[in-house]
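Asker: Here you go, this is start-v1.txt (compact mmCIF, C-alpha atoms).
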# COMPACT_ATOMS: atom_id res chain seq x y z
CA MET A 931 143.42 69.44 97.09
CA ILE A 932 141.20 68.55 94.19
CA THR A 933 142.01 64.86 94.33
CA VAL A 934 140.62 64.62 97.85
CA LEU A 935 137.18 65.33 96.52
CA ASP A 936 137.55 62.92 93.66
CA VAL A 937 137.81 59.82 95.81
CA HIS A 938 135.57 57.00 94.70
CA GLU A 939 132.60 59.15 93.91
CA LYS A 940 130.63 57.66 91.10
CA PRO A 941 129.59 60.39 88.66
CA ILE A 942 125.89 60.84 87.99
CA PHE A 943 126.83 62.48 84.72
CA GLU A 944 129.97 62.59 82.60
CA SER A 945 130.64 64.02 79.18
CA SER A 946 133.34 65.39 76.95
CA TYR A 947 133.19 68.11 74.29
CA THR A 948 135.62 69.22 71.61
CA VAL A 949 136.14 72.94 71.00
CA GLN A 950 137.84 74.33 67.89
CA GLY A 951 140.21 77.25 68.36
CA GLY A 952 139.36 80.43 66.47
CA ASN A 953 135.73 79.52 65.86
CA PHE A 954 133.91 82.43 67.49
CA ASP A 955 130.67 81.54 65.69
CA GLU A 956 130.24 78.53 67.92
CA ALA A 957 131.73 80.05 71.09
CA GLY A 958 129.53 79.43 74.11
CA LYS A 959 127.80 76.41 72.64
CA VAL A 960 129.39 73.89 74.99
CA ALA A 961 128.69 76.10 78.02
CA SER A 962 125.04 76.32 76.95
CA GLN A 963 124.81 72.54 76.64
CA ILE A 964 126.39 72.11 80.06
CA LYS A 965 123.96 74.59 81.59
CA VAL A 966 120.97 72.72 80.14
CA ILE A 967 122.25 69.44 81.64
CA LEU A 968 122.86 70.98 85.07
CA LYS A 969 119.37 72.47 85.09
CA LYS A 970 117.84 69.15 84.06
CA LEU A 971 119.67 67.44 86.91
CA GLY A 972 117.96 69.90 89.22
CA LEU A 973 121.11 71.39 90.72
CA GLN A 974 120.79 74.58 92.77
CA THR A 975 120.64 77.84 90.81
CA ASP A 976 123.88 79.02 92.34
CA VAL A 977 125.77 75.90 91.24
CA VAL A 978 124.32 76.18 87.73
CA ARG A 979 125.25 79.87 87.57
CA LYS A 980 128.84 79.26 88.68
CA ALA A 981 129.36 76.21 86.47
CA ALA A 982 127.92 77.98 83.41
CA LEU A 983 130.30 80.88 83.91
CA VAL A 984 133.31 78.64 84.47
CA ALA A 985 132.44 76.55 81.40
CA TYR A 986 131.84 79.66 79.29
CA GLU A 987 135.09 81.40 80.17
CA SER A 988 137.07 78.17 79.70
CA GLU A 989 135.46 77.66 76.32
CA ILE A 990 136.21 81.25 75.26
CA ASN A 991 139.83 80.75 76.31
CA ILE A 992 140.16 77.74 74.03
CA VAL A 993 138.49 79.58 71.14
CA SER A 994 140.64 82.67 71.69
CA TYR A 995 144.04 81.17 72.34
CA ALA A 996 144.31 77.48 71.45
CA ARG A 997 144.23 75.35 68.28
CA LYS A 998 141.70 73.07 69.85
CA GLY A 999 140.68 71.75 73.20
CA THR A 1000 138.52 69.38 75.17
CA ILE A 1001 136.09 70.25 77.93
CA ASN A 1002 135.27 67.41 80.31
CA ILE A 1003 132.49 67.60 82.80
CA SER A 1004 131.75 65.17 85.58
CA ILE A 1005 129.05 65.56 88.18
CA THR A 1006 128.71 63.68 91.45
CA PRO A 1007 126.18 64.42 94.19
CA GLN A 1008 128.95 66.41 95.91
CA ARG A 1009 130.44 68.48 93.13
CA VAL A 1010 130.63 69.58 89.51
CA LYS A 1011 134.06 69.15 87.98
CA ILE A 1012 134.95 70.96 84.78
CA GLU A 1013 138.28 70.26 83.17
CA THR A 1014 139.69 71.80 80.03
CA ILE A 1015 142.73 70.54 78.18
CA ASP A 1016 143.88 72.54 75.20
CA GLU A 1017 146.48 72.26 72.49
CA GLY A 1018 148.07 75.64 72.15
CA HIS A 1019 151.01 77.89 72.95
CA GLY A 1020 150.69 77.40 76.67
CA ILE A 1021 151.08 80.21 79.21
CA PRO A 1022 154.67 81.30 79.92
CA ASP A 1023 153.90 83.12 83.18
CA ILE A 1024 150.83 81.81 84.96
CA GLU A 1025 151.08 84.31 87.81
CA LEU A 1026 150.98 87.16 85.30
CA ALA A 1027 148.15 85.55 83.33
CA MET A 1028 146.10 85.30 86.52
CA GLN A 1029 146.38 89.05 87.13
CA GLU A 1030 143.14 90.84 86.42
CA GLY A 1031 143.50 93.01 83.32
CA TYR A 1032 146.48 91.17 81.90
CA SER A 1033 145.77 89.78 78.46
CA THR A 1034 147.61 88.70 75.33
CA ALA A 1035 144.46 88.95 73.20
CA ASP A 1036 144.80 90.50 69.75
CA ALA A 1037 142.72 93.42 68.44
CA LYS A 1038 140.13 91.19 66.78
CA ILE A 1039 139.37 89.39 70.03
CA ARG A 1040 139.23 92.65 72.01
CA GLU A 1041 136.87 94.27 69.53
CA MET A 1042 134.35 91.57 70.28
CA GLY A 1043 134.48 92.39 73.97
CA PHE A 1044 136.67 89.43 74.89
CA GLY A 1045 140.29 89.55 76.03
CA ALA A 1046 139.81 92.02 78.87
CA GLY A 1047 142.04 89.96 81.13
CA MET A 1048 139.14 88.84 83.30
CA GLY A 1049 138.50 85.30 82.14
CA LEU A 1050 140.92 83.33 84.30
CA CYS A 1051 140.21 85.54 87.33
CA ASN A 1052 136.50 84.91 86.94
CA ILE A 1053 137.04 81.18 86.55
CA LYS A 1054 139.02 81.16 89.78
CA LYS A 1055 136.54 83.42 91.59
CA PHE A 1056 133.52 81.30 90.67
CA SER A 1057 135.18 77.94 91.40
CA ASP A 1058 135.50 76.42 94.85
CA GLN A 1059 138.72 74.79 93.75
CA PHE A 1060 140.89 75.81 90.84
CA GLN A 1061 144.06 74.38 89.38
CA ILE A 1062 146.02 75.56 86.37
CA THR A 1063 149.02 74.01 84.73
CA SER A 1064 150.57 74.94 81.43
CA GLU A 1065 153.39 73.74 79.23
CA ILE A 1066 154.93 75.96 76.58
CA GLY A 1067 154.20 74.68 73.09
CA ILE A 1068 151.89 71.97 74.41
CA GLY A 1069 148.91 73.63 76.03
CA THR A 1070 147.06 74.54 79.17
CA HIS A 1071 145.11 72.38 81.59
CA LEU A 1072 142.45 73.80 83.90
CA LYS A 1073 140.62 71.91 86.60
CA MET A 1074 137.70 73.49 88.40
CA ILE A 1075 135.43 72.18 91.11
CA ILE A 1076 132.15 73.68 92.19
CA LEU A 1077 130.79 72.17 95.36
CA ILE A 1078 127.19 71.19 95.74
CA GLU A 1079 126.11 72.02 99.25
CA ASN A 1080 124.23 69.28 101.10
CA GLY A 1081 124.48 67.07 98.02
CA ALA A 1082 122.19 67.20 94.98
CA MET B 1254 107.84 95.63 85.23
CA ASP B 1255 107.63 93.59 82.04
CA LEU B 1256 109.58 94.07 78.83
CA GLU B 1257 106.53 95.16 76.92
CA THR B 1258 106.00 98.19 79.17
CA ILE B 1259 109.63 99.22 78.75
CA VAL B 1260 109.43 98.69 74.98
CA LYS B 1261 106.34 100.91 74.81
CA CYS B 1262 107.56 103.60 77.22
CA LEU B 1263 110.90 104.01 75.47
CA ASP B 1264 109.78 103.19 71.94
CA LEU B 1265 112.26 100.36 71.55
CA LYS B 1266 112.66 98.43 68.34
CA VAL B 1267 111.96 94.70 68.75
CA PHE B 1268 114.20 92.48 66.63
CA SER B 1269 113.32 89.11 68.17
CA GLY B 1270 111.61 87.37 71.06
CA PHE B 1271 108.23 88.85 70.10
CA ASP B 1272 106.30 86.37 72.22
CA LYS B 1273 108.52 86.88 75.26
CA LEU B 1274 107.70 90.50 75.95
CA LYS B 1275 105.78 89.54 79.08
CA THR B 1276 109.10 88.58 80.68
CA GLU B 1277 109.64 90.34 83.98
CA VAL B 1278 112.61 92.73 84.07
CA LEU B 1279 114.15 92.56 87.53
CA ASP B 1280 117.15 94.80 87.07
CA GLY B 1281 119.57 96.06 84.46
CA TYR B 1282 123.19 95.85 83.46
CA THR B 1283 125.33 97.79 81.02
CA GLY B 1284 128.60 96.55 79.61
CA ASP B 1285 130.50 95.70 76.47
CA LEU B 1286 133.09 93.40 78.03
CA LEU B 1287 131.58 89.97 77.89
CA SER B 1288 133.51 88.60 80.86
CA ASP B 1289 132.29 91.50 82.97
CA VAL B 1290 128.70 90.84 81.93
CA MET B 1291 129.11 87.11 82.56
CA ALA B 1292 130.49 87.70 86.04
CA ASN B 1293 128.34 90.56 87.25
CA SER B 1294 124.96 90.60 85.54
CA LYS B 1295 122.07 88.59 86.94
CA GLU B 1296 119.12 86.54 85.86
CA GLY B 1297 116.22 88.79 84.85
CA ASP B 1298 118.48 91.72 83.94
CA ILE B 1299 117.95 93.76 80.86
CA TRP B 1300 121.41 94.07 79.30
CA MET B 1301 122.38 97.20 77.40
CA THR B 1302 125.35 96.92 75.08
CA ARG B 1303 126.95 98.29 71.94
CA GLN B 1304 128.24 94.85 70.93
CA VAL B 1305 126.27 93.46 68.00
CA HIS B 1306 128.03 90.17 67.23
CA GLN B 1307 126.40 86.83 67.85
CA ASN B 1308 128.27 85.99 71.05
CA ILE B 1309 125.99 88.38 72.94
CA ILE B 1310 123.14 85.91 72.43
CA ALA B 1311 125.12 83.12 74.10
CA VAL B 1312 125.85 85.41 77.05
CA ALA B 1313 122.22 86.56 77.37
CA SER B 1314 121.03 82.97 77.18
CA LEU B 1315 123.58 81.66 79.70
CA LYS B 1316 122.72 84.44 82.14
CA ASP B 1317 118.95 84.18 81.61
CA HIS B 1318 118.67 87.87 80.86
CA ALA B 1319 115.18 89.27 80.32
CA GLY B 1320 116.43 90.83 77.10
CA VAL B 1321 119.25 92.67 75.35
CA ILE B 1322 119.12 96.27 74.14
CA LEU B 1323 121.49 97.39 71.40
CA VAL B 1324 122.22 101.04 72.02
CA HIS B 1325 122.92 104.04 69.81
CA GLY B 1326 120.90 102.81 66.84
CA ALA B 1327 123.02 99.71 66.40
CA ASP B 1328 121.53 96.87 64.36
CA PRO B 1329 122.35 93.26 65.18
CA ALA B 1330 124.72 91.46 62.82
CA ASN B 1331 122.85 89.01 60.56
CA ASP B 1332 124.04 85.93 62.42
CA THR B 1333 123.20 87.61 65.73
CA LEU B 1334 119.63 88.17 64.62
CA GLU B 1335 119.37 84.61 63.31
CA LYS B 1336 120.59 83.23 66.62
CA ALA B 1337 118.31 85.50 68.66
CA LEU B 1338 115.29 84.39 66.63
CA LYS B 1339 116.28 80.74 66.91
CA GLU B 1340 116.86 80.88 70.66
CA ASN B 1341 113.90 83.24 71.12
CA ILE B 1342 115.88 85.84 73.09
CA PRO B 1343 114.31 89.31 73.13
CA LEU B 1344 116.73 91.50 71.20
CA LEU B 1345 115.76 95.18 71.29
CA GLY B 1346 117.16 98.39 69.92
CA THR B 1347 117.22 102.10 70.76
CA GLY B 1348 118.62 105.22 69.15
CA LEU B 1349 119.64 106.50 72.58
CA SER B 1350 123.15 106.19 73.98
CA GLY B 1351 123.95 103.61 76.65
CA PHE B 1352 123.91 106.34 79.29
CA GLU B 1353 120.53 107.72 78.24
CA ILE B 1354 118.77 104.38 77.95
CA ALA B 1355 120.23 103.04 81.19
CA GLY B 1356 119.06 106.16 83.03
CA ARG B 1357 115.56 105.89 81.66
CA ILE B 1358 115.25 102.20 82.41
CA TYR B 1359 116.60 102.75 85.90
CA ASN B 1360 113.90 105.35 86.48
CA ILE B 1361 111.19 103.09 85.15
CA ILE B 1362 112.08 99.99 87.12
CA LYS B 1363 113.40 101.33 90.38
CA GLY B 1364 114.57 104.91 90.37
CA LYS B 1365 111.32 106.82 90.70
CA LYS B 1366 111.04 106.44 94.43
CA GLU B 1367 114.65 107.43 95.13
CA ILE B 1368 114.51 110.45 92.85
CA THR B 1369 111.29 111.82 94.31
CA ALA B 1370 112.64 111.24 97.80
CA GLN B 1371 115.66 113.42 96.99
CA ASN B 1372 113.61 116.10 95.20
CA PRO B 1373 110.26 116.25 96.92
Will you turn the file into structure tokens for me?
Answerer:
Amino acid sequence: MITVLDVHEKPIFESSYTVQGGNFDEAGKVASQIKVILKKLGLQTDVVRKAALVAYESEINIVSYARKGTINISITPQRVKIETIDEGHGIPDIELAMQEGYSTADAKIREMGFGAGMGLCNIKKFSDQFQITSEIGIGTHLKMIILIENGA
Amino acid sequence: MDLETIVKCLDLKVFSGFDKLKTEVLDGYTGDLLSDVMANSKEGDIWMTRQVHQNIIAVASLKDHAGVILVHGADPANDTLEKALKENIPLLGTGLSGFEIAGRIYNIIKGKKEITAQNP
């Protein structure tokens, strides 16, 4: 489904960011940078709001659960694509992980107000298209698309 | 209703964002789960929370909140304050509980009419 939208559209912006697992001090930094770019490009408020949330939750997931990860963003006049590829444990049961309230977060993460089992659900809810794949011992790959109505 | 009026009415402590107190407060949100706040709060909200760690500044900034109120006499962690000053986000504090402060702010920004309508 996602590939259909990817056909031969030349991105107006593309970038890639590295996120270190466990570094809560910097958590949210990439999402903030992405939001600034989207605003500068003059995208609609709604698109910026959704993309910022999707980027933020994806970033928090890498920080909370993976050793490290990459966040790629690509913007065409039709859509914003955010992709995260992490190196981590992977998710054994994706269906379970997608259930609201289910979380494997430890006490430290929960104390900070993360790990409520809402992240993946929110990512899915705020994306127009969402794809998740995961391999045990390798990592998790998320692909999200937010459509830009009537083009940018 | 701007932040300054709320700060004065409720005697809030101002930790940062001193020159942004003219910001208009459109609505409010309470919550300590960051994903909940990310998903459900809105631009222009005043966010009331008991979380004091620096990630609240990233959330407030991403959501374009009017300001953040730390409840129950909580002080921001040092790095939280540093970040709030750097990003110029109004970080405020109250000795009241989340329930008390939310109720008062609700009354100030939109509740008055509804309450008087129910109890004329």
Asker: If you count all atoms listed in the file, which residues fall within 8 Å of range 1262-1273 of chain B, apart from same-chain ones fewer than 6 positions away, as a VMD selection string?
Answerer: chain B and resid 1334 1337 to 1338 1341 to 1347 1357
Asker: With a cut-off of 9 Å and counting all atoms listed in the file, select all residues of chain B in contact with chain A and give the selection as a ChimeraX atom specification.
Answerer: /B:1285-1289,1291-1292,1304-1308,1311-1312,1314-1316,1332
Asker: Between A:Gly952, A:Gly972, A:Gly1018, A:Gly1031, single out the one closest to Val993 in chain A, counting all atoms listed in the file.
Answerer: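 Under the stated criterion, the closest residue is A:Gly952.
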Asker: Which one of A:Thr1000, A:Gln974, A:Gln950, A:Gln1029 sits closest to Ile1015 in chain A if you count all atoms listed in the file?
Answerer: A:Thr1000
Asker: Go ahead and compute the interatomic distance for CA of Glu989 in chain A and CA of Ile1076 in chain A, in Å to one decimal.
Answerer: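 Calculated distance between CA of Glu989 in chain A and CA of Ile1076 in chain A is 16.7 Å.
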Asker: CA of Arg1303 in chain B to CA of Asn1331 in chain B: how many Å, to one decimal?
Answerer: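 Those two atoms sit 15.2 Å apart.
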Asker: With 5 Å added on each side, what axis-aligned box encloses every listed atom of range 1056-1059 of chain A? Give the centre and edge lengths in Å to one decimal, as JSON.
Answerer:
{"center_x": 136.1, "center_y": 78.0, "center_z": 92.8, "size_x": 15.2, "size_y": 16.5, "size_z": 14.2}
Asker: Do you know which residues lie at most 6 Å from (108.5, 95.3, 85.5), with coordinates as in the file and all atoms listed in the file counted, and could you write them as a PDB file with C-alpha atoms, in the frame of the given file?
Answerer:
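To be explicit, this is the file written out as selection.pdb:
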ATOM      1  CA  MET B1254     107.840  95.630  85.230  1.00  0.00           C
ATOM      2  CA  ASP B1255     107.630  93.590  82.040  1.00  0.00           C
ATOM      3  CA  GLU B1277     109.640  90.340  83.980  1.00  0.00           C
ATOM      4  CA  VAL B1278     112.610  92.730  84.070  1.00  0.00           C
TER       5      VAL B1278
END
Asker: Applying 8 Å and only C-alpha atoms, which residues near Ile1068 in chain A remain after dropping the ones on its own chain fewer than 2 positions away? List them as an MDAnalysis selection string.
Answerer: chainID A and resid 1017:1020 1064:1066 1070
Asker: Work out how far CA of Lys1363 in chain B is from CA of Ala1327 in chain B, in Å to one decimal.
Answerer: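 If I compute the distance from CA of Ala1327 in chain B to CA of Lys1363 in chain B, I get 25.9 Å.
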Asker: Give me the residues within 9 Å of Val977 in chain A as a PDB file with C-alpha atoms, keeping the file's coordinate frame, counting only C-alpha atoms and dropping any in the same chain fewer than 6 places off.
Answerer:
ATOM      1  CA  LEU A 968     122.860  70.980  85.070  1.00  0.00           C
ATOM      2  CA  ARG A1009     130.440  68.480  93.130  1.00  0.00           C
ATOM      3  CA  VAL A1010     130.630  69.580  89.510  1.00  0.00           C
ATOM      4  CA  ILE A1076     132.150  73.680  92.190  1.00  0.00           C
ATOM      5  CA  LEU A1077     130.790  72.170  95.360  1.00  0.00           C
ATOM      6  CA  ILE A1078     127.190  71.190  95.740  1.00  0.00           C
ATOM      7  CA  GLU A1079     126.110  72.020  99.250  1.00  0.00           C
TER       8      GLU A1079
END
Asker: Using all atoms listed in the file for the distances, tell me which of A:Asn991, A:Ser945, A:Thr975, A:Asn1080 is nearest to Ala1027 in chain A.
Answerer: A:Asn991
